[in-house]
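Student: Dropping the structure in here first, questions after.
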Amino acid sequence: MSQPAAKGAQPATLDIEHIAKLARLALGEDEKQHLASQLAGVVSHFDELNAINVDGVEPSAHAFPIFNVLREDTPGPLLDPEALARIAPAFRDGQVAVPRVVDDEG
Amino acid sequence: MPDLLSEKTATELAALLAAKKVSAREIAADCLAAVKTRDAQIAAFLGYDAADLLAQADASDARRAANASLGPLDGIPVAIKDNIAVAGQPLTCASKILANYVSPYDATVVTKLRQAGALVWGRLNMDEFAMGSSTENSAFQKTRNPRDLSRVPGGSSGGSAAAVAAGMTPLALGSDTGGSIRQPAAFCGVVGLKPTYGRVSRYGLAAFASSLDQIGPLARTAADAALLLAAIAGGDAHDSTALANPVPDYAAQTRQSSGPWRIAVPEEFFANGFDAGVRAAVERAAAFYREAGHTLVPVSLPRTTAAVAAYYIIATAEASSNLSRYDGIRYGHRSAAATDALDIYSLSRAEGFGDEVKRRIILGTYVLSSGYYDAYYVRAQKVRTLIRDDYMRVFEDADFVLSPVSPTPPPKLGAASTPLETYLADICTIPVNLAGLPAVSVPCGEADGLPAAFQLTGKPLAEGALLAAAHLFETAPQNRPAA
């Protein structure tokens with residue numbers, strides 16, 4: 001049985017502006033338009049899944065049901081801090097440097 | 001340049017090394033010579049560390065001289081796809097966002113290869129973050145198919161397949177999320193195996209879609225693939241999805257298992273839209289098995305078409321989540337134009353990611369976004385259950401499923417197609433990833449002068465039987481390529 005693609009009766013629409021914001025991806029106007037037209041076909045292909053009856057079917061997160069894999073909580077060496085410092089875009093005083101995110105008080 | 005050692009199979013090289021007829025240094029030197037003369041045309045390698053390779057070779061030769069060889073792979077070069085971590089070496093995933101990244105640690109497969117004495121070398125080109133099926137989505141270079149330089153090598157492990165096919169390394173590792181080992185292997189005329197999900201640890205593999213990704217071997221023969229798989233398989237405390245089941249002697253199984261097998265042939269993989277030459281090649285393979293005394297069983301896998309939609313929902317959803325780590329903060333590209341934290345994220349990602357990666361991040365973010373999650377993601381996961389059930393039903397009465405690897409032969413470089421057309425071409429390989437099953441791509445001659453291949457899919461953990469069936473095919477005199 002066919003069902004609406006998403007909540008509500010609206011056909012699926014791809015609000016690229018909103019999705020790009022969620023994805024933290026700065027897109028130019030051209031890029032947004034290009035993506036919207038390219039992805040419309042893919043999204044309507046996704047809607048083909050609505051033709052499949054999945055009533056009572058359990059979703060599988062991956063192919064093998066493995067649960068609660070535990071190991072001993074033993075301390076061990078971590079990654080080499082110097083190797084991590086080398087790959088950081090900015091590094092100062094043993095820490096990754098980023099632009100100020102909190103204003104000074106007062 | 002005739003008779004470079006790098007053109008021999010790993011099995012032949014292991015015998016030559018054991019008999020002390022060649023040294024690991026000579027093998028490594030021939031690999032480097034082959035890359036020097038051939039890779040200017042092929043462009044399979046993003047880079048390699050010659051001094052490091054030769055140092056590993058010398059260490060291997062020293063072990064052998066001291067009668068302390070670590071096994072059949074000791075001294076055999078294994079080249080590495082550029083999404084698998086090797087400590088101290090670059091790892092870019094063929095993306096600008098990781099252009100300056102150097103791995104701080106070894107992937108588990110690399111640790112295991114070192115324990116087996118293999119020479120771990122090279123950074124092999126790929127589609128950016130393994131997203132693609134032609135290797136044209138690399139941010140750095142386009143790899144050419146060694147069998148026809150005007151054509152793509154397939155992807156995403158196109159560099160791995162091309163390097164093995166061009167005689168530049170006897171063995172390579174690739175990764176397979178929706179066909180990324182099997183399809184380039186088919187396009188370049190080499191053997192490619194995607195192991196059962198969990199058979200090989202993913203620790204140190206840059207994640208694309210975690211519930212589908214598997215590392216696996218590309219090799220010239222099934223016996224070589226067995227040697228490499230035996231070295232990398234097994235449980236791992238660093239990957240809770242890695243299966244702890246004992247690792248069998250794959251090389252022995254490859255040589256010794258001989259069936260008789262029941263081989264399922266699903267009608268959906270011989271439908272219209274499949275290239276006639278590809279279909280004929282796969283039908284020849286089926287006829288070979290029938291004449292060799294095995295039984296062909298016609299079956300149906302009705303959810304095959306739906307698998308493409310389910311796959312691209314699940315894979316893009318997981319990718320959008322996995323790739324959120326590339327935020328310009330701790331490693332990777334940071335935009336020089338960014339002035340605050342939010343800018344760092346969105347500008348660094350916009351500057352660092354290529355078109356296909358952006359497309360998939362947008363798709364994945366969309367299918368996971370509020371209001372759509374149940375309609376797309378949860379429904380796709382339910383369809384995955386049905387696809388797996390379909391296969392398990394077929395396996396009640398059959399040992400393998402035989403199918404094409406790709407509906408078409410390798411396309412020309414730059415051949416235009418829409419994203420949807422490109423995605424639909426994965427139809428033979430992605431159901432296998434969704435079901436978590438092992439599958440091998442086996443060369444079977446030519447179709448219209450281009451490499452042809454067939455795919456055998458097996459029951460969970462049936463890698464040994466799959467490789468045995470591939471071995472049976474490739475060692476039969478009538479299937480050997482004319483010399």
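By convention in this document, the chains of the structure tokens carry letters A, B, ... by their order, each chain's residues are numbered from 1, and ligands are numbered from 1 in the order they are shown.
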List every residue of chain A that DSSP, applied to the backbone of this structure, assigns to helix (DSSP H, G or I), and report them as a ChimeraX atom specification.
Tutor: /A:16-22,29-51,81-87
Student: Output as a ChimeraX atom specification the set of chain B residues within 6 Å of chain A, with distances taken over only C-alpha atoms.
Tutor: /B:101,104,211,240,309,330-331,340,346-347,349-350,371-372,375,381-382,385,420,435-436
Student: Quick one: of B:Ala24, B:Ala118, B:Leu171, B:Leu437, who's nearest to Gly198 of chain B, counting only C-alpha atoms?
Tutor: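 That would be B:Leu437, the residue with the smallest distance to Gly198 of chain B.
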Student: Quick one: pick out all strand (DSSP E) residues within chain A from a backbone DSSP run and write them as a PDB file with N, CA and C atoms, in the first residue's frame.
Tutor:
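For reference, part11.pdb as written:
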```pdb
ATOM      1  N   PHE A  91      47.347  25.021  17.314  1.00  0.00           N
ATOM      2  CA  PHE A  91      47.697  24.355  18.564  1.00  0.00           C
ATOM      3  C   PHE A  91      48.526  25.316  19.397  1.00  0.00           C
ATOM      4  N   ARG A  92      48.147  25.458  20.665  1.00  0.00           N
ATOM      5  CA  ARG A  92      48.868  26.402  21.530  1.00  0.00           C
ATOM      6  C   ARG A  92      48.865  25.864  22.961  1.00  0.00           C
ATOM      7  N   GLN A  95      47.165  22.659  23.723  1.00  0.00           N
ATOM      8  CA  GLN A  95      45.727  22.560  23.460  1.00  0.00           C
ATOM      9  C   GLN A  95      45.397  22.999  22.044  1.00  0.00           C
ATOM     10  N   VAL A  96      44.294  22.458  21.507  1.00  0.00           N
ATOM     11  CA  VAL A  96      43.795  22.895  20.208  1.00  0.00           C
ATOM     12  C   VAL A  96      43.243  24.308  20.356  1.00  0.00           C
TER      13      VAL A  96
END
```
Student: Determine, counting only C-alpha atoms, which protein, DNA and RNA residues have an atom within 10 Å of an atom of Glu128 of chain B; residues of the same chain fewer than 3 positions away are not included. Present the result as a list in words.
Tutor: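 Once the nearby chain positions are removed, what remains is Asp82, Asn83, Thr92, Cys93, Ala94, Ser95, Lys96, Ile97, Asn125, Met131, Gly132, Thr135, Glu136, Asn137, Ser138, Ala139, Phe140, Ser156, Phe353, Gly354, Asp355, Glu356 and Val357 of chain B.
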Student: Taking only C-alpha atoms into account, name the residue in B:Ile361, B:Val383, B:Leu212, B:Ser133 that is nearest to Ala425 of chain B.
Tutor: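 Closest candidate: B:Ser133.
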Student: Hey, which of B:Leu323, B:Ile430, B:Ala465, B:Ala79 ends up closest to Met168 of chain B? Count only C-alpha atoms.
Tutor: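 Looking at the shortest contact to Met168 of chain B, the residue is B:Ala79.
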Student: Can you measure atom CA of Ala18 of chain B to atom CA of Ala116 of chain B for me? One decimal in Å is fine.
Tutor: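 About the pair atom CA of Ala18 of chain B and atom CA of Ala116 of chain B: they are 14.4 Å apart.
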Student: Restricting the calculation to only C-alpha atoms: of B:Thr418, B:Thr241, B:Thr37, B:Arg359, which residue gets closest to Gln33 of chain A?
Tutor: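 Distance minimum relative to Gln33 of chain A lands on B:Arg359.
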Student: For Thr408 of chain B, find every residue with an atom within 12 Å (counting only C-alpha atoms), except residues of its own chain fewer than 3 positions away, and show them as a PyMOL selection string.
Tutor: chain B and resi 154+183+186-187+269-270+272-282+404-405+411-412+421-422+424-428+447-448+450-454
Student: Keeping C-alpha atoms for every residue in the selection just given, could you write it to a file as an mmCIF file, in the first residue's frame?
Tutor:
```
data_model
loop_
_atom_site.group_PDB
_atom_site.id
_atom_site.type_symbol
_atom_site.label_atom_id
_atom_site.label_comp_id
_atom_site.auth_asym_id
_atom_site.auth_seq_id
_atom_site.Cartn_x
_atom_site.Cartn_y
_atom_site.Cartn_z
ATOM 1 C CA GLY B 154 35.687 1.601 -11.148
ATOM 2 C CA GLN B 183 33.114 -3.429 -8.874
ATOM 3 C CA ALA B 186 35.556 -6.517 -12.006
ATOM 4 C CA PHE B 187 36.398 -3.474 -14.130
ATOM 5 C CA PHE B 269 20.104 -9.906 -12.078
ATOM 6 C CA PHE B 270 19.504 -10.893 -15.667
ATOM 7 C CA ASN B 272 16.629 -5.816 -19.178
ATOM 8 C CA GLY B 273 18.988 -2.925 -18.733
ATOM 9 C CA PHE B 274 21.923 -5.243 -18.156
ATOM 10 C CA ASP B 275 24.569 -5.088 -20.872
ATOM 11 C CA ALA B 276 24.336 -8.075 -23.231
ATOM 12 C CA GLY B 277 28.079 -8.769 -23.048
ATOM 13 C CA VAL B 278 28.042 -8.710 -19.240
ATOM 14 C CA ARG B 279 25.053 -11.039 -19.198
ATOM 15 C CA ALA B 280 26.669 -13.454 -21.635
ATOM 16 C CA ALA B 281 29.875 -13.573 -19.573
ATOM 17 C CA VAL B 282 27.960 -14.374 -16.390
ATOM 18 C CA PRO B 404 26.916 -9.955 -12.412
ATOM 19 C CA VAL B 405 28.999 -7.411 -10.475
ATOM 20 C CA PRO B 411 32.487 3.414 -18.773
ATOM 21 C CA LYS B 412 34.738 5.996 -20.411
ATOM 22 C CA GLU B 421 21.748 6.741 -12.761
ATOM 23 C CA THR B 422 25.109 6.332 -11.035
ATOM 24 C CA LEU B 424 21.276 2.534 -9.784
ATOM 25 C CA ALA B 425 24.411 0.965 -11.327
ATOM 26 C CA ASP B 426 25.244 -0.412 -7.838
ATOM 27 C CA ILE B 427 22.240 -2.743 -7.975
ATOM 28 C CA CYS B 428 24.222 -6.014 -8.038
ATOM 29 C CA ALA B 447 32.974 -8.750 -22.943
ATOM 30 C CA ASP B 448 33.495 -6.568 -26.013
ATOM 31 C CA LEU B 450 36.797 -5.246 -21.750
ATOM 32 C CA PRO B 451 37.219 -7.227 -18.520
ATOM 33 C CA ALA B 452 34.143 -9.217 -17.518
ATOM 34 C CA ALA B 453 33.434 -10.663 -14.092
ATOM 35 C CA PHE B 454 30.846 -12.469 -12.060
#
```
Student: Could you pull the residues within 10 Å of Ala206 of chain B, counting only C-alpha atoms, minus those fewer than 2 positions along the same chain, as a PyMOL selection string?
Tutor: chain B and resi 82-85+91-93+107+129-130+175+202-204+208-210+213+322-323
Student: Could you write those residues out with C-alpha atoms, as a compact mmCIF listing (two decimals), in the first residue's frame?
Tutor:
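New file selection_11.txt:
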```txt
# COMPACT_ATOMS: atom_id res chain seq x y z
CA ASP B 82 43.91 5.95 1.23
CA ASN B 83 41.16 5.57 3.85
CA ILE B 84 43.05 3.05 6.01
CA ALA B 85 45.36 4.42 8.71
CA LEU B 91 45.61 9.58 5.01
CA THR B 92 43.46 11.85 2.83
CA CYS B 93 40.44 9.76 1.76
CA ALA B 107 44.53 0.48 11.66
CA PHE B 129 35.50 9.27 1.28
CA ALA B 130 34.74 6.12 -0.78
CA SER B 175 37.06 -1.08 1.43
CA ARG B 202 37.10 -1.51 10.87
CA TYR B 203 39.33 0.18 13.47
CA GLY B 204 41.44 2.68 11.55
CA PHE B 208 31.67 6.16 5.60
CA ALA B 209 28.64 4.01 6.54
CA SER B 210 29.56 2.06 9.65
CA ASP B 213 31.78 -0.79 5.58
CA ASN B 322 30.16 10.06 10.48
CA LEU B 323 31.40 13.02 8.47
```
Student: Need to verify the contact set: Leu296 of chain B, 10 Å, only C-alpha atoms, exclusion of same-chain residues closer than 5 positions in sequence. Can you return it as a PyMOL selection string?
Tutor: chain B and resi 261-265+286-287+289-290+398+400-402
Student: What separation in Å, quoted to one decimal, exists between atom CA of Gln455 of chain B and atom CA of Val440 of chain B?
Tutor: 5.6 Å
Student: Figure out the distance between atom CA of Gly464 of chain B and atom CA of Thr254 of chain B, please, to one decimal in Å.
Tutor: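 Computing the Euclidean distance for atom CA of Thr254 of chain B and atom CA of Gly464 of chain B yields 5.8 Å.
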Student: Give me the residues within 7 Å of Arg123 of chain B as a PyMOL selection string, counting only C-alpha atoms and dropping any in the same chain fewer than 5 places off.
Tutor: chain B and resi 45-48+79-82
